[in-house]
$ cat target_18.cif   # mmCIF, C-alpha atoms
data_final
loop_
_atom_site.group_PDB
_atom_site.id
_atom_site.type_symbol
_atom_site.label_atom_id
_atom_site.label_comp_id
_atom_site.auth_asym_id
_atom_site.auth_seq_id
_atom_site.Cartn_x
_atom_site.Cartn_y
_atom_site.Cartn_z
ATOM 1 C CA MET A 2 347.188 27.425 20.562
ATOM 2 C CA ILE A 3 343.726 27.490 22.011
ATOM 3 C CA SER A 4 343.081 23.840 21.276
ATOM 4 C CA HIS A 5 345.748 22.840 23.822
ATOM 5 C CA GLU A 6 343.969 24.702 26.547
ATOM 6 C CA THR A 7 341.183 23.492 28.753
ATOM 7 C CA LEU A 8 337.863 24.521 27.359
ATOM 8 C CA ILE A 9 335.729 25.978 30.121
ATOM 9 C CA TYR A 10 332.750 26.789 27.990
ATOM 10 C CA GLU A 11 331.648 26.390 24.399
ATOM 11 C CA ASN A 12 328.316 27.106 22.810
ATOM 12 C CA SER A 13 326.890 28.113 19.480
ATOM 13 C CA PHE A 14 323.954 30.522 19.380
ATOM 14 C CA PRO A 15 321.881 30.794 16.208
ATOM 15 C CA VAL A 16 321.061 34.333 15.101
ATOM 16 C CA GLU A 17 318.086 35.148 12.921
ATOM 17 C CA GLY A 18 319.090 37.304 9.960
ATOM 18 C CA GLY A 19 317.166 39.989 8.139
ATOM 19 C CA THR A 20 315.221 41.192 11.169
ATOM 20 C CA PHE A 21 315.830 43.316 14.246
ATOM 21 C CA LYS A 22 313.124 41.587 16.254
ATOM 22 C CA ASN A 23 315.557 39.887 18.609
ATOM 23 C CA ALA A 24 318.732 41.773 17.714
ATOM 24 C CA GLY A 25 320.754 41.894 20.918
ATOM 25 C CA ARG A 26 319.219 38.912 22.694
ATOM 26 C CA ILE A 27 322.204 36.612 22.132
ATOM 27 C CA SER A 28 324.747 39.197 23.268
ATOM 28 C CA THR A 29 322.859 39.889 26.474
ATOM 29 C CA ARG A 30 322.997 36.132 27.069
ATOM 30 C CA VAL A 31 326.718 35.997 26.243
ATOM 31 C CA LYS A 32 327.277 38.782 28.740
ATOM 32 C CA ALA A 33 325.274 37.067 31.486
ATOM 33 C CA LEU A 34 327.168 33.801 30.923
ATOM 34 C CA LEU A 35 330.590 35.478 31.136
ATOM 35 C CA LYS A 36 329.503 37.351 34.242
ATOM 36 C CA GLU A 37 328.466 34.063 35.841
ATOM 37 C CA MET A 38 331.950 32.719 35.087
ATOM 38 C CA LYS A 39 333.292 35.551 37.237
ATOM 39 C CA LEU A 40 335.502 36.977 34.510
ATOM 40 C CA PRO A 41 336.816 40.529 35.060
ATOM 41 C CA ARG A 42 334.174 43.154 34.400
ATOM 42 C CA GLU A 43 336.163 44.801 31.606
ATOM 43 C CA ILE A 44 336.617 41.482 29.783
ATOM 44 C CA VAL A 45 332.891 40.789 30.029
ATOM 45 C CA ARG A 46 332.088 44.236 28.664
ATOM 46 C CA ARG A 47 334.473 43.956 25.735
ATOM 47 C CA ALA A 48 333.200 40.501 24.806
ATOM 48 C CA ALA A 49 329.593 41.689 25.062
ATOM 49 C CA VAL A 50 330.210 44.683 22.789
ATOM 50 C CA ILE A 51 332.005 42.509 20.214
ATOM 51 C CA SER A 52 329.232 39.933 20.260
ATOM 52 C CA TYR A 53 326.589 42.660 19.965
ATOM 53 C CA GLU A 54 328.247 44.361 16.987
ATOM 54 C CA ALA A 55 328.533 40.956 15.285
ATOM 55 C CA GLU A 56 324.934 40.090 16.111
ATOM 56 C CA ILE A 57 323.674 43.406 14.722
ATOM 57 C CA ASN A 58 325.648 42.760 11.527
ATOM 58 C CA ILE A 59 324.044 39.343 11.077
ATOM 59 C CA CYS A 60 320.579 40.816 11.702
ATOM 60 C CA SER A 61 321.326 43.612 9.247
ATOM 61 C CA TYR A 62 323.024 41.891 6.369
ATOM 62 C CA ALA A 63 322.776 38.094 6.484
ATOM 63 C CA GLU A 64 320.128 35.444 5.890
ATOM 64 C CA ARG A 65 321.154 33.598 9.005
ATOM 65 C CA GLY A 66 324.164 33.150 11.180
ATOM 66 C CA LYS A 67 325.560 32.072 14.505
ATOM 67 C CA ILE A 68 327.736 33.341 17.271
ATOM 68 C CA VAL A 69 330.120 30.840 18.809
ATOM 69 C CA LEU A 70 331.440 31.594 22.261
ATOM 70 C CA ARG A 71 334.451 29.776 23.665
ATOM 71 C CA VAL A 72 336.097 30.398 26.997
ATOM 72 C CA THR A 73 339.405 28.976 28.218
ATOM 73 C CA PRO A 74 341.389 30.113 31.268
ATOM 74 C CA LYS A 75 343.311 32.568 29.086
ATOM 75 C CA PHE A 76 340.991 33.577 26.246
ATOM 76 C CA VAL A 77 337.474 34.522 25.343
ATOM 77 C CA THR A 78 336.876 33.752 21.686
ATOM 78 C CA ILE A 79 333.883 35.002 19.743
ATOM 79 C CA GLU A 80 333.223 33.774 16.248
ATOM 80 C CA ALA A 81 330.468 35.194 14.100
ATOM 81 C CA ILE A 82 329.650 33.065 11.099
ATOM 82 C CA ASP A 83 326.932 33.998 8.652
ATOM 83 C CA GLU A 84 325.395 33.006 5.383
ATOM 84 C CA GLY A 85 324.859 36.276 3.652
ATOM 85 C CA ARG A 86 325.911 38.533 0.888
ATOM 86 C CA GLY A 87 329.537 38.657 2.031
ATOM 87 C CA ILE A 88 331.931 41.575 1.740
ATOM 88 C CA ALA A 89 333.614 42.334 -1.591
ATOM 89 C CA ASP A 90 336.225 44.795 -0.355
ATOM 90 C CA ILE A 91 337.225 44.076 3.231
ATOM 91 C CA GLU A 92 339.701 46.929 3.459
ATOM 92 C CA LEU A 93 336.969 49.388 2.477
ATOM 93 C CA ALA A 94 334.451 47.771 4.845
ATOM 94 C CA MET A 95 336.906 48.139 7.738
ATOM 95 C CA LYS A 96 337.150 51.884 7.152
ATOM 96 C CA GLU A 97 335.338 53.934 9.792
ATOM 97 C CA GLY A 98 332.233 55.508 8.329
ATOM 98 C CA TYR A 99 331.952 53.218 5.332
ATOM 99 C CA SER A 100 328.558 51.531 5.298
ATOM 100 C CA THR A 101 326.132 49.794 2.972
ATOM 101 C CA ALA A 102 323.274 50.080 5.456
ATOM 102 C CA THR A 103 319.723 50.572 4.265
ATOM 103 C CA ASP A 104 317.382 53.233 5.651
ATOM 104 C CA LYS A 105 315.678 50.527 7.706
ATOM 105 C CA ILE A 106 318.944 49.627 9.445
ATOM 106 C CA ARG A 107 319.722 53.295 10.064
ATOM 107 C CA SER A 108 316.254 53.935 11.461
ATOM 108 C CA MET A 109 317.017 51.267 14.079
ATOM 109 C CA GLY A 110 320.078 53.262 15.138
ATOM 110 C CA PHE A 111 322.758 51.294 13.326
ATOM 111 C CA GLY A 112 324.724 51.356 10.096
ATOM 112 C CA ALA A 113 327.159 54.166 10.874
ATOM 113 C CA GLY A 114 330.012 52.159 9.431
ATOM 114 C CA MET A 115 331.739 51.747 12.781
ATOM 115 C CA GLY A 116 330.970 48.100 13.604
ATOM 116 C CA LEU A 117 333.923 46.227 12.129
ATOM 117 C CA SER A 118 336.521 48.745 13.293
ATOM 118 C CA ASN A 119 334.910 48.802 16.734
ATOM 119 C CA MET A 120 335.112 45.002 16.961
ATOM 120 C CA ARG A 121 338.775 45.218 16.036
ATOM 121 C CA ASN A 122 339.364 47.876 18.708
ATOM 122 C CA PHE A 123 337.622 45.886 21.415
ATOM 123 C CA SER A 124 339.455 42.626 20.645
ATOM 124 C CA ASP A 125 343.086 41.571 20.966
ATOM 125 C CA THR A 126 343.113 39.638 17.727
ATOM 126 C CA PHE A 127 340.655 40.126 14.908
ATOM 127 C CA ARG A 128 340.295 38.042 11.776
ATOM 128 C CA ILE A 129 337.822 38.423 8.958
ATOM 129 C CA ILE A 130 337.219 36.113 6.035
ATOM 130 C CA SER A 131 334.463 36.797 3.544
ATOM 131 C CA GLU A 132 333.223 35.502 0.255
ATOM 132 C CA VAL A 133 330.681 37.361 -1.851
ATOM 133 C CA ASP A 134 327.266 35.641 -1.917
ATOM 134 C CA LYS A 135 328.505 32.986 0.531
ATOM 135 C CA GLY A 136 329.002 34.758 3.819
ATOM 136 C CA THR A 137 331.381 36.179 6.367
ATOM 137 C CA ARG A 138 333.386 34.701 9.242
ATOM 138 C CA LEU A 139 334.747 36.866 11.998
ATOM 139 C CA LYS A 140 336.983 35.568 14.760
ATOM 140 C CA MET A 141 337.862 37.739 17.693
ATOM 141 C CA ILE A 142 339.943 36.834 20.715
ATOM 142 C CA ILE A 143 340.236 38.656 24.007
ATOM 143 C CA PHE A 144 343.236 37.796 26.181
ATOM 144 C CA ILE A 145 342.020 37.472 29.719
ATOM 145 C CA ASP A 146 345.394 37.934 31.413
ATOM 146 C CA ARG A 147 346.626 40.738 29.209
ATOM 147 C CA ASP A 148 343.865 43.210 29.761
ATOM 148 C CA HIS A 149 346.080 45.999 30.967
ATOM 149 C CA ASP A 150 348.844 46.044 28.387
ATOM 150 C CA ARG A 151 346.532 46.078 25.425
ATOM 151 C CA VAL A 152 347.078 48.992 23.039
ATOM 152 C CA MET B 4 318.222 64.198 37.940
ATOM 153 C CA LYS B 5 314.505 63.591 37.873
ATOM 154 C CA GLU B 6 313.951 67.166 39.067
ATOM 155 C CA ILE B 7 316.624 68.792 36.859
ATOM 156 C CA LEU B 8 315.017 67.321 33.757
ATOM 157 C CA ASP B 9 311.414 67.328 34.957
ATOM 158 C CA ALA B 10 311.602 63.682 33.961
ATOM 159 C CA GLU B 11 309.274 60.780 34.372
ATOM 160 C CA VAL B 12 310.763 57.513 35.585
ATOM 161 C CA LEU B 13 309.468 54.654 33.457
ATOM 162 C CA VAL B 14 311.748 51.871 34.688
ATOM 163 C CA GLY B 15 313.889 51.686 37.812
ATOM 164 C CA HIS B 16 311.914 53.477 40.529
ATOM 165 C CA ASP B 17 313.947 51.501 43.051
ATOM 166 C CA ARG B 18 317.284 52.657 41.638
ATOM 167 C CA LEU B 19 316.883 56.425 41.804
ATOM 168 C CA ASP B 20 319.782 56.822 44.237
ATOM 169 C CA LEU B 21 322.231 55.833 41.494
ATOM 170 C CA GLU B 22 325.258 58.152 41.347
ATOM 171 C CA VAL B 23 326.271 59.275 37.842
ATOM 172 C CA THR B 24 329.013 61.714 36.816
ATOM 173 C CA GLU B 25 329.357 61.167 33.064
ATOM 174 C CA ALA B 26 327.061 61.064 30.073
ATOM 175 C CA GLY B 27 326.962 60.649 26.334
ATOM 176 C CA SER B 28 324.279 61.322 23.755
ATOM 177 C CA ALA B 29 323.522 59.990 20.290
ATOM 178 C CA ASP B 30 320.667 58.627 18.254
ATOM 179 C CA LEU B 31 322.968 56.212 16.483
ATOM 180 C CA MET B 32 323.684 53.195 18.657
ATOM 181 C CA SER B 33 326.621 52.423 16.327
ATOM 182 C CA ASP B 34 328.281 55.572 17.652
ATOM 183 C CA VAL B 35 327.296 54.914 21.258
ATOM 184 C CA LEU B 36 329.052 51.545 21.003
ATOM 185 C CA VAL B 37 332.271 53.323 20.091
ATOM 186 C CA PHE B 38 332.436 56.031 22.742
ATOM 187 C CA CYS B 39 330.078 55.430 25.686
ATOM 188 C CA LYS B 40 331.831 54.485 28.903
ATOM 189 C CA ALA B 41 330.711 52.076 31.601
ATOM 190 C CA GLY B 42 328.620 53.717 34.301
ATOM 191 C CA SER B 43 327.633 56.723 32.190
ATOM 192 C CA LEU B 44 324.195 58.007 31.226
ATOM 193 C CA LEU B 45 322.887 57.559 27.703
ATOM 194 C CA LEU B 46 320.753 60.373 26.290
ATOM 195 C CA THR B 47 318.899 59.456 23.122
ATOM 196 C CA GLY B 48 315.789 60.017 21.059
ATOM 197 C CA LEU B 49 315.704 56.387 19.960
ATOM 198 C CA THR B 50 313.131 54.167 21.697
ATOM 199 C CA ASN B 51 313.525 50.635 20.361
ATOM 200 C CA PRO B 52 314.696 47.613 22.415
ATOM 201 C CA GLN B 53 318.162 47.906 20.853
ATOM 202 C CA VAL B 54 318.727 51.005 23.004
ATOM 203 C CA ILE B 55 318.418 48.759 26.047
ATOM 204 C CA TYR B 56 320.540 45.975 24.568
ATOM 205 C CA THR B 57 323.179 48.606 23.772
ATOM 206 C CA ALA B 58 322.996 49.957 27.331
ATOM 207 C CA ASP B 59 323.316 46.433 28.703
ATOM 208 C CA VAL B 60 326.439 45.423 26.797
ATOM 209 C CA LEU B 61 328.123 48.752 27.603
ATOM 210 C CA ASP B 62 327.228 48.725 31.342
ATOM 211 C CA ILE B 63 325.397 52.037 30.959
ATOM 212 C CA ALA B 64 323.878 53.295 34.229
ATOM 213 C CA ALA B 65 320.592 54.628 32.871
ATOM 214 C CA VAL B 66 318.883 55.748 29.676
ATOM 215 C CA ILE B 67 317.220 59.141 29.296
ATOM 216 C CA MET B 68 314.855 59.469 26.365
ATOM 217 C CA VAL B 69 314.612 63.068 25.191
ATOM 218 C CA ARG B 70 312.045 65.127 23.236
ATOM 219 C CA GLY B 71 309.212 63.459 25.119
ATOM 220 C CA LYS B 72 309.876 60.134 23.437
ATOM 221 C CA ARG B 73 308.172 57.159 24.995
ATOM 222 C CA PRO B 74 309.609 53.695 24.522
ATOM 223 C CA PHE B 75 307.803 50.778 22.928
ATOM 224 C CA PRO B 76 306.238 48.324 25.451
ATOM 225 C CA GLU B 77 308.839 45.703 24.509
ATOM 226 C CA THR B 78 311.584 48.221 25.302
ATOM 227 C CA ILE B 79 310.147 48.727 28.786
ATOM 228 C CA GLN B 80 309.809 44.985 29.368
ATOM 229 C CA LEU B 81 313.410 44.421 28.347
ATOM 230 C CA ALA B 82 314.673 47.280 30.557
ATOM 231 C CA GLU B 83 312.832 45.781 33.515
ATOM 232 C CA LYS B 84 314.330 42.378 32.831
ATOM 233 C CA LEU B 85 317.866 43.729 32.434
ATOM 234 C CA GLN B 86 317.392 46.260 35.260
ATOM 235 C CA ILE B 87 318.275 49.337 33.251
ATOM 236 C CA PRO B 88 316.458 52.495 34.405
ATOM 237 C CA ILE B 89 314.641 54.565 31.764
ATOM 238 C CA LEU B 90 313.656 58.193 32.266
ATOM 239 C CA THR B 91 311.800 60.316 29.759
ATOM 240 C CA THR B 92 311.999 64.106 29.520
ATOM 241 C CA LYS B 93 310.181 66.587 27.327
ATOM 242 C CA TYR B 94 313.299 68.695 26.941
ATOM 243 C CA ILE B 95 315.077 68.418 23.593
ATOM 244 C CA LEU B 96 318.532 66.856 23.516
ATOM 245 C CA PHE B 97 320.443 70.151 23.573
ATOM 246 C CA GLU B 98 318.497 71.477 26.558
ATOM 247 C CA THR B 99 318.825 68.155 28.391
ATOM 248 C CA VAL B 100 322.591 68.115 27.895
ATOM 249 C CA GLY B 101 322.881 71.755 29.004
ATOM 250 C CA ARG B 102 320.890 71.189 32.165
ATOM 251 C CA LEU B 103 322.964 68.169 33.145
ATOM 252 C CA TYR B 104 326.232 69.925 32.287
ATOM 253 C CA THR B 105 325.496 72.886 34.529
ATOM 254 C CA LYS B 106 324.852 70.433 37.361
ATOM 255 C CA GLY B 107 328.316 68.927 36.958
ATOM 256 C CA ILE B 108 327.700 65.944 34.695
ATOM 257 C CA VAL B 109 330.546 65.785 32.168
ATOM 258 C CA SER B 110 331.051 64.039 28.829
ATOM 259 C CA CYS B 111 332.115 60.397 28.988
ATOM 260 C CA ILE B 112 334.773 61.340 26.428
ATOM 261 C CA GLN B 113 335.434 64.798 25.021
ATOM 262 C CA LYS B 114 336.773 64.049 21.561
ATOM 263 C CA VAL B 115 336.642 60.806 19.657
ATOM 264 C CA ASP B 116 340.087 60.965 18.136
ATOM 265 C CA GLU B 117 342.121 61.787 21.206
ATOM 266 C CA THR B 118 341.833 58.378 22.793
ATOM 267 C CA ARG B 119 340.794 54.876 22.042
ATOM 268 C CA ASP B 120 340.152 54.196 25.702
ATOM 269 C CA ILE B 121 337.373 51.665 25.776
ATOM 270 C CA SER B 122 337.015 51.222 29.528
#
$ encode --input "target_18.cif" --output "structure tokens"
Amino acid sequence: MISHETLIYENSFPVEGGTFKNAGRISTRVKALLKEMKLPREIVRRAAVISYEAEINICSYAERGKIVLRVTPKFVTIEAIDEGRGIADIELAMKEGYSTATDKIRSMGFGAGMGLSNMRNFSDTFRIISEVDKGTRLKMIIFIDRDHDRV
Amino acid sequence: MKEILDAEVLVGHDRLDLEVTEAGSADLMSDVLVFCKAGSLLLTGLTNPQVIYTADVLDIAAVIMVRGKRPFPETIQLAEKLQIPILTTKYILFETVGRLYTKGIVSCIQKVDETRDIS
């Protein structure tokens, strides 16, 4: 349904995997861009949090990846695509508290096993596809005009 | 706030008039991302740049680093760029929370399971 809508903005941001050196840089940029587009503050915040969780995941678990931001008059779409180890059991990975984080990731303040469920909570639609040893694709959509009736 | 916590302002000297009524504390940014509300204070013992990135995406008003923790230079640079105030206090987390609480600062949420309000 999105393809029939006017695309206001589209960009793909590469994310370096396996390091926390710049972890967060892309999401801060995503946030600034959405703010410039004069989207409602709450929409900007939700999109920024989703992008950040996805970015941290790529930095933590993947070799490399990208975050694709698309904005139409009605939706903000964030896709996080990575080439990494993938997720064997998605249902388990979605469970709050479940994590495969290393001590290094935890020492940076992440890896509590809340990321995927938090992304689902902050988005209106959430889709995850993953293949072991290939990578993971997340697609999250925020409805701009339905901010207030979201459950 | 600076006086209550005997804190040193590291970033944001020009924004000390900021009004804050709510706060949250955690050393795990993963948890902060779940519960911290816009406009609240973040109390943490973590000092890396990801604290500032986390504060930025969540619209957090200011970061207070507890237990005398001092941020890395790159954390300070980032906070200046993103205009997020950083204060550091020698009080431990529990004492910091107690001092703020008695001055009327409340939790940004009380219990995690009672609401999924993400505003």
$ atom_distance --input "target_18.cif" --atom1 "CA of Tyr94 in chain B" --atom2 "CA of Ile67 in chain B"
10.6 Å
$ atom_distance --input "target_18.cif" --atom1 "CA of Leu19 in chain B" --atom2 "CA of Thr92 in chain B"
15.3 Å
$ closest_atom_pairs --input "target_18.cif" --of "range 47-103 of chain B" --to "range 31-52 of chain A" --cutoff "12 Å" --atoms "all atoms listed in the file" --output "CSV"
residue,atom,partner,partner_atom,distance
B:Tyr56,CA,A:Val50,CA,9.9
B:Thr57,CA,A:Val50,CA,8.1
B:Ala58,CA,A:Val50,CA,10.0
B:Asp59,CA,A:Lys32,CA,8.6
B:Val60,CA,A:Ala49,CA,5.2
B:Leu61,CA,A:Arg46,CA,6.1
B:Asp62,CA,A:Arg46,CA,7.1
B:Ile63,CA,A:Arg46,CA,10.5
B:Leu85,CA,A:Ala33,CA,10.0
$ resolve_selection --input "target_18.cif" --expression "the PyMOL selection byres ((chain B) within 9 of (chain A))" --output "MDAnalysis selection string"
chainID B and resid 30:34 36:37 41 49 51:57 59:62 85 119 121:122
$ residues_around --input "target_18.cif" --residues "Glu6 in chain B" --least-positions-apart "3" --cutoff "12 Å" --atoms "all atoms listed in the file" --output "PyMOL selection string"
chain B and resi 9-12+19+90-92+99+102-103+106
$ residues_around --input "target_18.cif" --residues "range 125-140 of chain A" --least-positions-apart "4" --cutoff "6 Å" --atoms "only C-alpha atoms" --output "PyMOL selection string"
chain A and resi 79-89+121
$ axis_aligned_box --input "target_18.cif" --around "range 45-59 of chain A" --padding-each-side "5 Å" --output "JSON"
{"center_x": 329.1, "center_y": 42.0, "center_z": 20.6, "size_x": 20.8, "size_y": 15.3, "size_z": 29.0}
$ atom_distance --input "target_18.cif" --atom1 "CA of Lys40 in chain B" --atom2 "CA of Ser110 in chain B"
9.6 Å
$ resolve_selection --input "target_18.cif" --expression "the PyMOL selection byres ((chain A and resi 144) around 8)" --output "PyMOL selection string"
chain A and resi 75-77+125+142-143+145-148
$ closest_residue --input "target_18.cif" --among "A:Leu117, A:Ala55, A:Val72, A:Met95" --to "Leu8 in chain A" --atoms "all atoms listed in the file"
A:Val72
$ residues_around --input "target_18.cif" --residues "Asp20 in chain B" --least-positions-apart "6" --cutoff "12 Å" --atoms "all atoms listed in the file" --output "MDAnalysis selection string"
chainID B and resid 4:5 64:65 88
$ resolve_selection --input "target_18.cif" --expression "the PyMOL selection byres ((chain B and resi 97) around 12)" --output "PDB file with C-alpha atoms, in the coordinates of the input"
ATOM      1  CA  LEU B   8     315.017  67.321  33.757  1.00  0.00           C
ATOM      2  CA  GLY B  27     326.962  60.649  26.334  1.00  0.00           C
ATOM      3  CA  SER B  28     324.279  61.322  23.755  1.00  0.00           C
ATOM      4  CA  ALA B  29     323.522  59.990  20.290  1.00  0.00           C
ATOM      5  CA  LEU B  46     320.753  60.373  26.290  1.00  0.00           C
ATOM      6  CA  THR B  47     318.899  59.456  23.122  1.00  0.00           C
ATOM      7  CA  GLY B  48     315.789  60.017  21.059  1.00  0.00           C
ATOM      8  CA  VAL B  69     314.612  63.068  25.191  1.00  0.00           C
ATOM      9  CA  ARG B  70     312.045  65.127  23.236  1.00  0.00           C
ATOM     10  CA  THR B  92     311.999  64.106  29.520  1.00  0.00           C
ATOM     11  CA  LYS B  93     310.181  66.587  27.327  1.00  0.00           C
ATOM     12  CA  TYR B  94     313.299  68.695  26.941  1.00  0.00           C
ATOM     13  CA  ILE B  95     315.077  68.418  23.593  1.00  0.00           C
ATOM     14  CA  LEU B  96     318.532  66.856  23.516  1.00  0.00           C
ATOM     15  CA  GLU B  98     318.497  71.477  26.558  1.00  0.00           C
ATOM     16  CA  THR B  99     318.825  68.155  28.391  1.00  0.00           C
ATOM     17  CA  VAL B 100     322.591  68.115  27.895  1.00  0.00           C
ATOM     18  CA  GLY B 101     322.881  71.755  29.004  1.00  0.00           C
ATOM     19  CA  ARG B 102     320.890  71.189  32.165  1.00  0.00           C
ATOM     20  CA  LEU B 103     322.964  68.169  33.145  1.00  0.00           C
ATOM     21  CA  TYR B 104     326.232  69.925  32.287  1.00  0.00           C
TER      22      TYR B 104
END
